[in-house]
file upload.cif (mmCIF, C-alpha atoms and all ligand atoms)
data_target
#
loop_
_atom_site.label_atom_id
_atom_site.label_comp_id
_atom_site.auth_asym_id
_atom_site.auth_seq_id
_atom_site.Cartn_x
_atom_site.Cartn_y
_atom_site.Cartn_z
CA MET U 1 7.23 -27.81 15.05
CA ALA U 2 4.14 -26.01 13.69
CA LYS U 3 4.22 -22.22 14.05
CA ASP U 4 1.65 -20.39 16.18
CA PRO U 5 -1.06 -18.74 14.06
CA VAL U 6 -0.70 -15.06 13.17
CA ARG U 7 -3.87 -12.99 13.47
CA VAL U 8 -4.46 -10.86 10.36
CA LEU U 9 -7.12 -8.14 10.30
CA VAL U 10 -8.70 -7.12 6.99
CA THR U 11 -11.09 -4.18 7.26
CA GLY U 12 -13.60 -3.69 4.46
CA ALA U 13 -13.41 -7.45 4.03
CA ALA U 14 -16.80 -7.69 2.28
CA GLY U 15 -15.61 -5.31 -0.45
CA GLN U 16 -13.97 -6.20 -3.71
CA ILE U 17 -10.33 -5.98 -2.57
CA GLY U 18 -11.27 -7.90 0.57
CA TYR U 19 -12.84 -10.67 -1.51
CA ALA U 20 -9.61 -11.04 -3.51
CA LEU U 21 -7.31 -10.64 -0.50
CA VAL U 22 -8.67 -13.01 2.16
CA PRO U 23 -8.14 -16.20 0.11
CA MET U 24 -4.59 -15.07 -0.70
CA ILE U 25 -3.87 -14.66 3.03
CA ALA U 26 -5.51 -18.00 3.83
CA ARG U 27 -3.35 -19.71 1.16
CA GLY U 28 -0.12 -18.40 2.70
CA ILE U 29 0.68 -15.89 -0.04
CA MET U 30 1.09 -13.04 2.45
CA LEU U 31 2.95 -14.72 5.32
CA GLY U 32 4.35 -17.92 3.89
CA ALA U 33 3.28 -21.46 3.09
CA ASP U 34 4.17 -22.69 6.61
CA GLN U 35 2.50 -19.86 8.54
CA PRO U 36 -0.98 -20.64 9.98
CA VAL U 37 -3.31 -17.64 10.15
CA ILE U 38 -6.49 -16.56 11.90
CA LEU U 39 -8.42 -14.06 9.80
CA HIS U 40 -10.23 -11.17 11.45
CA MET U 41 -12.66 -9.54 9.02
CA LEU U 42 -14.37 -6.22 9.75
CA ASP U 43 -17.06 -4.46 7.78
CA ILE U 44 -20.01 -2.17 8.52
CA PRO U 45 -23.52 -3.36 9.45
CA PRO U 46 -25.05 -2.93 5.94
CA ALA U 47 -22.39 -5.37 4.68
CA ALA U 48 -22.79 -7.88 7.56
CA GLU U 49 -24.67 -10.46 5.50
CA ALA U 50 -22.16 -10.28 2.65
CA LEU U 51 -19.33 -10.55 5.18
CA ASN U 52 -20.91 -13.70 6.60
CA GLY U 53 -21.07 -15.05 3.04
CA VAL U 54 -17.30 -14.49 2.69
CA LYS U 55 -16.79 -16.36 5.96
CA MET U 56 -18.90 -19.25 4.64
CA GLU U 57 -16.76 -19.40 1.49
CA LEU U 58 -13.56 -19.41 3.56
CA VAL U 59 -14.89 -22.40 5.49
CA ASP U 60 -15.96 -24.09 2.24
CA ALA U 61 -12.50 -23.61 0.70
CA ALA U 62 -10.95 -25.72 3.52
CA PHE U 63 -7.64 -23.84 3.56
CA PRO U 64 -5.18 -25.94 5.58
CA LEU U 65 -3.40 -22.85 6.99
CA LEU U 66 -6.62 -21.14 8.12
CA LYS U 67 -7.05 -21.82 11.85
CA GLY U 68 -10.01 -19.52 12.51
CA VAL U 69 -12.20 -16.72 11.15
CA VAL U 70 -13.65 -13.78 13.06
CA ALA U 71 -16.25 -11.92 10.96
CA THR U 72 -17.68 -8.91 12.74
CA THR U 73 -19.01 -5.37 12.49
CA ASP U 74 -17.49 -4.53 15.90
CA ALA U 75 -14.14 -2.75 15.54
CA VAL U 76 -12.99 -3.77 19.03
CA GLU U 77 -13.65 -7.47 18.41
CA ALA U 78 -11.99 -7.18 14.99
CA CYS U 79 -8.82 -5.50 16.32
CA THR U 80 -8.31 -7.65 19.42
CA GLY U 81 -4.97 -9.44 19.37
CA VAL U 82 -4.16 -8.77 15.71
CA ASN U 83 -0.50 -8.97 14.62
CA VAL U 84 -1.04 -7.57 11.12
CA ALA U 85 -3.76 -5.08 10.14
CA VAL U 86 -4.61 -4.46 6.49
CA MET U 87 -6.91 -1.45 6.38
CA VAL U 88 -8.97 -1.69 3.20
CA GLY U 89 -12.30 -0.43 4.55
CA GLY U 90 -13.42 2.94 3.39
CA PHE U 91 -15.19 4.79 0.68
CA PRO U 92 -13.68 4.11 -2.78
CA ARG U 93 -13.24 6.68 -5.52
CA LYS U 94 -15.76 6.30 -8.33
CA GLU U 95 -15.34 7.38 -11.97
CA GLY U 96 -14.99 11.15 -12.24
CA MET U 97 -14.28 11.66 -8.51
CA GLU U 98 -11.06 13.22 -7.24
CA ARG U 99 -9.37 11.45 -4.36
CA LYS U 100 -9.78 14.55 -2.24
CA ASP U 101 -13.57 14.13 -2.52
CA VAL U 102 -13.39 11.05 -0.39
CA MET U 103 -11.10 12.61 2.23
CA SER U 104 -13.61 13.64 4.84
CA LYS U 105 -15.44 10.30 4.76
CA ASN U 106 -12.23 8.41 5.30
CA VAL U 107 -10.41 10.48 7.92
CA SER U 108 -13.18 9.99 10.46
CA ILE U 109 -13.12 6.22 9.82
CA TYR U 110 -9.33 6.13 10.31
CA LYS U 111 -9.46 8.21 13.46
CA SER U 112 -11.86 5.80 15.18
CA GLN U 113 -10.16 2.64 13.93
CA ALA U 114 -6.79 4.00 15.14
CA SER U 115 -8.17 4.03 18.67
CA ALA U 116 -9.46 0.45 18.39
CA LEU U 117 -6.08 -0.77 17.10
CA GLU U 118 -4.13 1.16 19.71
CA LYS U 119 -6.14 -0.30 22.57
CA HIS U 120 -6.68 -3.86 21.36
CA ALA U 121 -4.10 -4.98 18.76
CA ALA U 122 -1.10 -7.15 19.73
CA ALA U 123 2.08 -5.32 20.69
CA ASN U 124 4.18 -4.52 17.61
CA CYS U 125 1.20 -4.92 15.23
CA LYS U 126 2.18 -4.02 11.66
CA VAL U 127 -0.34 -1.81 9.86
CA LEU U 128 -0.81 -1.42 6.11
CA VAL U 129 -3.34 1.18 4.92
CA VAL U 130 -4.76 0.47 1.46
CA ALA U 131 -7.91 2.62 1.46
CA ASN U 132 -7.61 6.00 -0.22
CA PRO U 133 -6.31 8.55 0.35
CA ALA U 134 -3.89 5.88 1.55
CA ASN U 135 -0.93 8.03 2.69
CA THR U 136 -3.12 10.48 4.55
CA ASN U 137 -5.37 7.81 6.09
CA ALA U 138 -2.16 6.20 7.40
CA LEU U 139 -1.02 9.55 8.80
CA ILE U 140 -4.36 10.04 10.58
CA LEU U 141 -4.12 6.50 11.94
CA LYS U 142 -0.60 7.26 13.23
CA GLU U 143 -1.73 10.49 14.88
CA PHE U 144 -4.60 8.83 16.71
CA ALA U 145 -2.69 5.68 17.72
CA PRO U 146 0.34 7.32 19.36
CA SER U 147 1.41 4.19 21.23
CA ILE U 148 1.84 2.19 18.00
CA PRO U 149 5.45 2.78 16.88
CA GLU U 150 5.46 5.06 13.81
CA LYS U 151 7.64 2.52 11.98
CA ASN U 152 4.69 0.08 12.18
CA ILE U 153 2.29 2.27 10.18
CA THR U 154 2.65 2.16 6.41
CA CYS U 155 0.58 2.62 3.27
CA LEU U 156 0.38 0.76 -0.01
CA THR U 157 2.39 2.07 -2.96
CA ARG U 158 3.58 -1.42 -3.91
CA LEU U 159 0.79 -1.58 -6.48
CA ASP U 160 2.29 1.46 -8.22
CA HIS U 161 5.76 -0.13 -7.91
CA ASN U 162 4.45 -3.33 -9.49
CA ARG U 163 2.71 -1.33 -12.22
CA ALA U 164 6.04 0.34 -13.03
CA LEU U 165 7.77 -3.07 -13.22
CA GLY U 166 4.99 -4.26 -15.54
CA GLN U 167 5.33 -1.28 -17.89
CA ILE U 168 9.13 -1.68 -18.19
CA SER U 169 8.78 -5.40 -18.75
CA GLU U 170 6.26 -4.82 -21.57
CA LYS U 171 8.35 -2.08 -23.20
CA LEU U 172 11.53 -4.18 -23.23
CA GLY U 173 9.86 -7.55 -23.82
CA VAL U 174 11.57 -9.04 -20.73
CA GLN U 175 10.26 -11.04 -17.77
CA VAL U 176 8.82 -8.81 -15.08
CA SER U 177 10.89 -10.73 -12.51
CA ASP U 178 14.07 -9.51 -14.25
CA VAL U 179 13.18 -5.82 -13.70
CA LYS U 180 14.58 -4.51 -10.41
CA ASN U 181 14.72 -1.36 -8.32
CA VAL U 182 12.13 0.97 -9.77
CA ILE U 183 11.01 3.53 -7.18
CA ILE U 184 7.68 5.13 -6.41
CA TRP U 185 8.22 8.42 -4.61
CA GLY U 186 5.49 10.24 -2.71
CA ASN U 187 1.76 9.97 -2.77
CA HIS U 188 -0.43 7.10 -4.01
CA SER U 189 -2.05 9.53 -6.43
CA SER U 190 -1.48 11.03 -9.84
CA THR U 191 1.40 13.17 -8.47
CA GLN U 192 3.45 10.10 -7.51
CA TYR U 193 6.84 9.91 -9.21
CA PRO U 194 7.64 6.52 -10.77
CA ASP U 195 11.44 6.70 -11.12
CA VAL U 196 13.55 4.34 -13.26
CA THR U 197 16.83 6.23 -12.85
CA HIS U 198 18.27 3.41 -10.74
CA ALA U 199 16.26 0.51 -12.20
CA THR U 200 17.98 -2.43 -13.89
CA VAL U 201 17.22 -5.42 -16.09
CA GLY U 202 19.76 -8.22 -15.86
CA GLY U 203 22.07 -5.77 -14.08
CA LYS U 204 21.93 -3.19 -16.93
CA PRO U 205 20.48 0.30 -16.30
CA VAL U 206 16.93 0.64 -17.65
CA PRO U 207 17.52 4.16 -19.13
CA GLU U 208 20.36 2.71 -21.26
CA LEU U 209 18.27 -0.25 -22.41
CA ILE U 210 15.18 1.77 -23.29
CA LYS U 211 17.02 4.61 -25.07
CA ASP U 212 13.74 6.54 -25.32
CA ASP U 213 14.09 9.45 -22.94
CA GLU U 214 10.82 11.00 -24.11
CA TRP U 215 8.86 7.85 -23.17
CA LEU U 216 10.66 7.46 -19.84
CA LYS U 217 10.08 11.08 -18.87
CA SER U 218 6.52 11.34 -20.13
CA GLY U 219 4.50 8.31 -21.34
CA PHE U 220 5.84 5.87 -18.76
CA ILE U 221 5.35 8.25 -15.85
CA SER U 222 1.82 9.25 -16.81
CA THR U 223 0.77 5.65 -17.54
CA VAL U 224 1.79 4.56 -14.04
CA GLN U 225 0.36 7.71 -12.42
CA GLN U 226 -2.98 7.25 -14.20
CA ARG U 227 -3.23 3.47 -14.06
CA GLY U 228 -5.71 3.47 -11.17
CA ALA U 229 -8.00 5.83 -13.09
CA ALA U 230 -7.62 3.72 -16.27
CA ILE U 231 -8.71 0.60 -14.37
CA ILE U 232 -11.71 2.45 -12.94
CA LYS U 233 -12.66 3.60 -16.46
CA ALA U 234 -12.38 0.06 -17.83
CA ARG U 235 -13.97 -1.88 -14.95
CA LYS U 236 -16.22 0.82 -13.49
CA LEU U 237 -14.62 -0.35 -10.26
CA SER U 238 -11.19 0.31 -8.81
CA SER U 239 -8.39 -2.24 -9.09
CA ALA U 240 -8.89 -5.22 -6.81
CA LEU U 241 -6.89 -8.33 -7.69
CA SER U 242 -3.71 -6.32 -8.32
CA ALA U 243 -4.28 -4.29 -5.14
CA ALA U 244 -4.78 -7.47 -3.09
CA SER U 245 -1.72 -9.15 -4.59
CA SER U 246 0.42 -6.05 -4.00
CA ALA U 247 -0.78 -5.83 -0.38
CA CYS U 248 0.48 -9.41 0.07
CA ASP U 249 3.82 -8.43 -1.52
CA HIS U 250 4.11 -5.43 0.85
CA ILE U 251 3.53 -7.43 4.05
CA ARG U 252 5.55 -10.47 2.89
CA ASP U 253 8.64 -8.37 2.13
CA TRP U 254 8.24 -6.35 5.34
CA VAL U 255 7.97 -9.50 7.50
CA CYS U 256 10.22 -11.90 5.56
CA GLY U 257 12.74 -9.38 4.10
CA THR U 258 13.65 -8.07 0.65
CA PRO U 259 16.07 -10.09 -1.51
CA GLU U 260 19.72 -8.98 -1.39
CA GLY U 261 20.40 -6.02 -3.70
CA THR U 262 16.70 -5.31 -4.22
CA TRP U 263 14.48 -2.62 -2.82
CA VAL U 264 10.74 -2.07 -2.91
CA SER U 265 8.51 0.99 -2.48
CA MET U 266 6.54 1.52 0.72
CA GLY U 267 4.63 4.50 2.05
CA VAL U 268 6.40 5.16 5.38
CA TYR U 269 6.74 7.95 7.93
CA SER U 270 9.26 10.44 6.56
CA ASP U 271 12.33 11.18 8.68
CA GLY U 272 13.43 13.94 6.29
CA SER U 273 15.46 11.63 4.00
CA TYR U 274 15.96 13.08 0.50
CA ASN U 275 14.76 16.44 1.89
CA VAL U 276 11.19 15.15 2.00
CA PRO U 277 9.43 16.99 4.84
CA ALA U 278 9.40 14.94 8.04
CA GLY U 279 5.94 14.08 9.31
CA LEU U 280 4.38 12.90 6.06
CA ILE U 281 3.67 9.32 5.06
CA TYR U 282 5.64 9.31 1.80
CA SER U 283 6.64 6.47 -0.51
CA PHE U 284 10.39 5.76 -0.48
CA PRO U 285 12.63 2.95 -1.71
CA VAL U 286 13.13 0.62 1.27
CA THR U 287 14.88 -2.61 2.13
CA CYS U 288 13.49 -4.89 4.85
CA ARG U 289 15.32 -7.11 7.36
CA ASN U 290 14.11 -8.78 10.56
CA GLY U 291 10.66 -7.23 10.22
CA GLU U 292 11.94 -3.63 9.90
CA TRP U 293 12.11 -1.39 6.86
CA THR U 294 14.97 1.04 6.18
CA ILE U 295 14.93 3.84 3.62
CA VAL U 296 17.63 3.29 0.96
CA GLN U 297 20.03 6.22 1.33
CA ASP U 298 22.38 8.15 -0.95
CA LEU U 299 20.70 7.55 -4.30
CA SER U 300 21.51 10.34 -6.74
CA ILE U 301 18.57 12.65 -7.48
CA ASP U 302 18.83 14.72 -10.66
CA GLU U 303 17.05 18.02 -11.23
CA PHE U 304 14.12 16.41 -13.09
CA SER U 305 13.55 13.95 -10.23
CA ARG U 306 13.98 16.62 -7.54
CA LYS U 307 11.08 18.63 -8.93
CA LYS U 308 8.88 15.55 -9.02
CA LEU U 309 9.78 14.53 -5.45
CA ASP U 310 8.91 18.03 -4.26
CA LEU U 311 5.63 18.22 -6.20
CA THR U 312 4.21 15.06 -4.68
CA ALA U 313 5.42 16.15 -1.20
CA GLU U 314 3.54 19.43 -1.67
CA GLU U 315 0.35 17.53 -2.49
CA LEU U 316 0.78 15.40 0.63
CA SER U 317 1.27 18.51 2.79
CA GLU U 318 -1.94 19.93 1.33
CA GLU U 319 -3.79 16.65 1.95
CA LYS U 320 -2.52 16.66 5.53
CA ALA U 321 -3.89 20.17 6.06
CA LEU U 322 -7.20 19.22 4.42
CA ALA U 323 -7.46 16.07 6.56
CA TYR U 324 -6.95 18.09 9.73
CA SER U 325 -9.58 20.58 8.62
CA CYS U 326 -12.03 17.67 8.17
CA LEU U 327 -11.37 16.58 11.75
CA SER U 328 -12.05 19.92 13.38
P1 LIG V 1 -15.30 -1.54 -1.85
O1 LIG V 1 -16.27 -0.41 -1.77
O2 LIG V 1 -15.58 -2.71 -2.72
O3 LIG V 1 -15.04 -2.10 -0.38
C1 LIG V 1 -14.86 -1.26 0.70
C2 LIG V 1 -15.45 -1.96 1.88
O4 LIG V 1 -15.19 -1.17 3.02
C3 LIG V 1 -16.98 -2.13 1.78
O5 LIG V 1 -17.33 -3.49 2.02
C4 LIG V 1 -17.51 -1.21 2.86
O6 LIG V 1 -18.71 -1.66 3.42
C5 LIG V 1 -16.33 -1.25 3.83
N1 LIG V 1 -16.31 -0.18 4.79
C6 LIG V 1 -16.77 1.10 4.65
N2 LIG V 1 -16.61 1.77 5.79
C7 LIG V 1 -16.03 0.91 6.65
C8 LIG V 1 -15.63 1.01 8.00
N3 LIG V 1 -15.80 2.15 8.69
N4 LIG V 1 -15.08 -0.06 8.58
C9 LIG V 1 -14.91 -1.22 7.92
N5 LIG V 1 -15.30 -1.38 6.65
C10 LIG V 1 -15.84 -0.33 6.02
O7 LIG V 1 -13.88 -0.88 -2.18
P2 LIG V 1 -12.58 -1.59 -2.72
O8 LIG V 1 -12.60 -1.58 -4.19
O9 LIG V 1 -12.37 -2.89 -2.00
O10 LIG V 1 -11.46 -0.52 -2.31
C11 LIG V 1 -11.17 -0.28 -0.95
C12 LIG V 1 -10.26 0.94 -0.82
O11 LIG V 1 -8.97 0.68 -1.38
C13 LIG V 1 -10.76 2.19 -1.53
O12 LIG V 1 -10.48 3.31 -0.71
C14 LIG V 1 -9.90 2.25 -2.78
O13 LIG V 1 -9.84 3.56 -3.31
C15 LIG V 1 -8.60 1.79 -2.22
N6 LIG V 1 -7.59 1.31 -3.17
C16 LIG V 1 -6.28 1.57 -2.87
C17 LIG V 1 -5.28 1.09 -3.68
C18 LIG V 1 -3.83 1.35 -3.36
O14 LIG V 1 -2.97 0.94 -4.15
N7 LIG V 1 -3.47 1.98 -2.26
C19 LIG V 1 -5.61 0.35 -4.82
C20 LIG V 1 -6.95 0.09 -5.10
C21 LIG V 1 -7.95 0.57 -4.25
C1 LIG V 2 -5.66 2.40 -7.72
O1 LIG V 2 -4.51 2.85 -7.74
O2 LIG V 2 -6.02 1.48 -8.48
C2 LIG V 2 -6.64 2.95 -6.73
O3 LIG V 2 -6.00 3.73 -5.78
C3 LIG V 2 -7.78 3.61 -7.42
C4 LIG V 2 -7.86 5.07 -7.19
O4 LIG V 2 -8.73 5.47 -6.42
O5 LIG V 2 -7.04 5.79 -7.78
#
call {"tool": "encode", "arguments": {"input": "upload.cif", "output": "structure tokens"}}
result
Amino acid sequence: MAKDPVRVLVTGAAGQIGYALVPMIARGIMLGADQPVILHMLDIPPAAEALNGVKMELVDAAFPLLKGVVATTDAVEACTGVNVAVMVGGFPRKEGMERKDVMSKNVSIYKSQASALEKHAAANCKVLVVANPANTNALILKEFAPSIPEKNITCLTRLDHNRALGQISEKLGVQVSDVKNVIIWGNHSSTQYPDVTHATVGGKPVPELIKDDEWLKSGFISTVQQRGAAIIKARKLSSALSAASSACDHIRDWVCGTPEGTWVSMGVYSDGSYNVPAGLIYSFPVTCRNGEWTIVQDLSIDEFSRKKLDLTAEELSEEKALAYSCLS
């Protein structure tokens, strides 16, 4: 029997990530090849005509799984009945800008959209925040949507996770699908800690295979940390196809589950695991089953890693304070 359609909200749908993401959702890449979807697309009035153009293209593409399209500049209409919300709308960082520069513009957007989701989304709606500063936007959304369970509000660090897999695969000359269990700890920013201590290729530890401690502790980490900035420098625009694809990976694994023995990185509400302060949205290694994520516990953390986990937590605490100062 055919499944009932799932309603998926994409905010900022007329933007460049939105343009890459909506056809992926309509093709079943996010929720599965047998899962019909109804797309809800939100953007702001200056982008209304472009948004309508995206809707026209979705109709023209004749996606068999796509059972309806709502394209609107009204947040209430956009949020009504949605089961999954991918929050891409916001003000992107441009070349030379620090992420903190865009904070005040984005926290007010996330405060008002939190209220619309809280009042109008389906019960148990899963939320993924992509727009930067992603962790802190997600935290603001959580604060202003108190009836949405905190486990349902996450942010995207899967792109960083995938970037780390890509770097290891290139260094070792192996298939990216053979690289497992990298971790992104902390903020989706240049303080994030891409950790390969527990990563494997074909079951063998990555640090043993690479045998280049200097690269692992320096070049690898900074390449992944700075990859977003490198893309902006090259494209004069922030990453879009990789962000859209990683957003699909994040929701698919959350809803459908992670493969046995494999974890992924998700920005989730900290419960104090690994001595990360509770009350931050922080990227942890997680496994997913039955639509719920669980932080992987009891991984060993050496002194080098400890410092890096703490550094990115400090930045998130500062961002949290800055975000609250923007709201007052
Ligand atoms: P973009 O400027 O092309 O698109 C953003 C869209 O959001 C625009 O269409 C804009 O009109 C819309 N928008 C602005 N305010 C809105 C509001 N209040 N409600 C709904 N829509 C609104 O930007 P983009 O390149 O698609 O990037 C989107 C965001 O994703 C940026 O914040 C960017 O920094 C971030 N990003 C995050 C990651 C990640 O891994 N977490 C990766 C890449 C980009
Ligand atoms: C990215 O990681 O590509 C984006 O978050 C760009 C940015 O603003 O750093």
call {"tool": "residues_near_ligand", "arguments": {"input": "upload.cif", "ligand": "ligand LIG 2 (chain V)", "cutoff": "8 Å", "atoms": "only C-alpha atoms and all ligand atoms", "output": "PyMOL selection string"}}
result
chain U and resi 92-94+99+131-134+159-160+188-190+226-229+231-232+238-240+243
call {"tool": "residues_around", "arguments": {"input": "upload.cif", "residues": "Ala85 (chain U)", "least_positions_apart": "4", "cutoff": "12 Å", "atoms": "all atoms listed in the file", "output": "ChimeraX atom specification"}}
result
/U:6-13,25,38-42,75,78-81,89,113-114,116-118,120-122,124-130,138,141,152-155,247-248,251
call {"tool": "residues_around", "arguments": {"input": "upload.cif", "residues": "region 291-300 of chain U", "least_positions_apart": "4", "cutoff": "6 Å", "atoms": "only C-alpha atoms", "output": "list in words"}}
result
Trp254, Val255, Pro285, Val286 and Thr287 of chain U
call {"tool": "residues_around", "arguments": {"input": "upload.cif", "residues": "region 30-36 of chain U", "least_positions_apart": "4", "cutoff": "10 Å", "atoms": "all atoms listed in the file", "output": "PyMOL selection string"}}
result
chain U and resi 2-8+21-22+24-26+63-68+244-256
call {"tool": "residues_around", "arguments": {"input": "upload.cif", "residues": "Ala47 (chain U)", "least_positions_apart": "2", "cutoff": "9 Å", "atoms": "all atoms listed in the file", "output": "list in words"}}
result
Gly12, Ala14, Gly15, Asp43, Ile44, Pro45, Glu49, Ala50, Leu51, Asn52 and Thr73 of chain U
call {"tool": "closest_residue", "arguments": {"input": "upload.cif", "among": "U:Lys111, U:Arg27, U:Lys151, U:Lys236", "to": "Asp271 (chain U)", "atoms": "only C-alpha atoms"}}
result
U:Lys151
call {"tool": "residues_around", "arguments": {"input": "upload.cif", "residues": "Ser177 (chain U)", "least_positions_apart": "2", "cutoff": "12 Å", "atoms": "all atoms listed in the file", "output": "number ranges by chain"}}
result
U: 162, 165-166, 168-170, 173-175, 179-181, 200-202, 262
call {"tool": "write_last_selection", "arguments": {"input": "upload.cif", "atoms": "C-alpha atoms", "output": "compact mmCIF listing (two decimals), keeping the file's coordinate frame"}}
result
# COMPACT_ATOMS: atom_id res chain seq x y z
CA ASN U 162 4.45 -3.33 -9.49
CA LEU U 165 7.77 -3.07 -13.22
CA GLY U 166 4.99 -4.26 -15.54
CA ILE U 168 9.13 -1.68 -18.19
CA SER U 169 8.78 -5.40 -18.75
CA GLU U 170 6.26 -4.82 -21.57
CA GLY U 173 9.86 -7.55 -23.82
CA VAL U 174 11.57 -9.04 -20.73
CA GLN U 175 10.26 -11.04 -17.77
CA VAL U 179 13.18 -5.82 -13.70
CA LYS U 180 14.58 -4.51 -10.41
CA ASN U 181 14.72 -1.36 -8.32
CA THR U 200 17.98 -2.43 -13.89
CA VAL U 201 17.22 -5.42 -16.09
CA GLY U 202 19.76 -8.22 -15.86
CA THR U 262 16.70 -5.31 -4.22
call {"tool": "atom_distance", "arguments": {"input": "upload.cif", "atom1": "CA of Leu139 (chain U)", "atom2": "atom C1 of ligand LIG 1 (chain V)"}}
result
19.3 Å
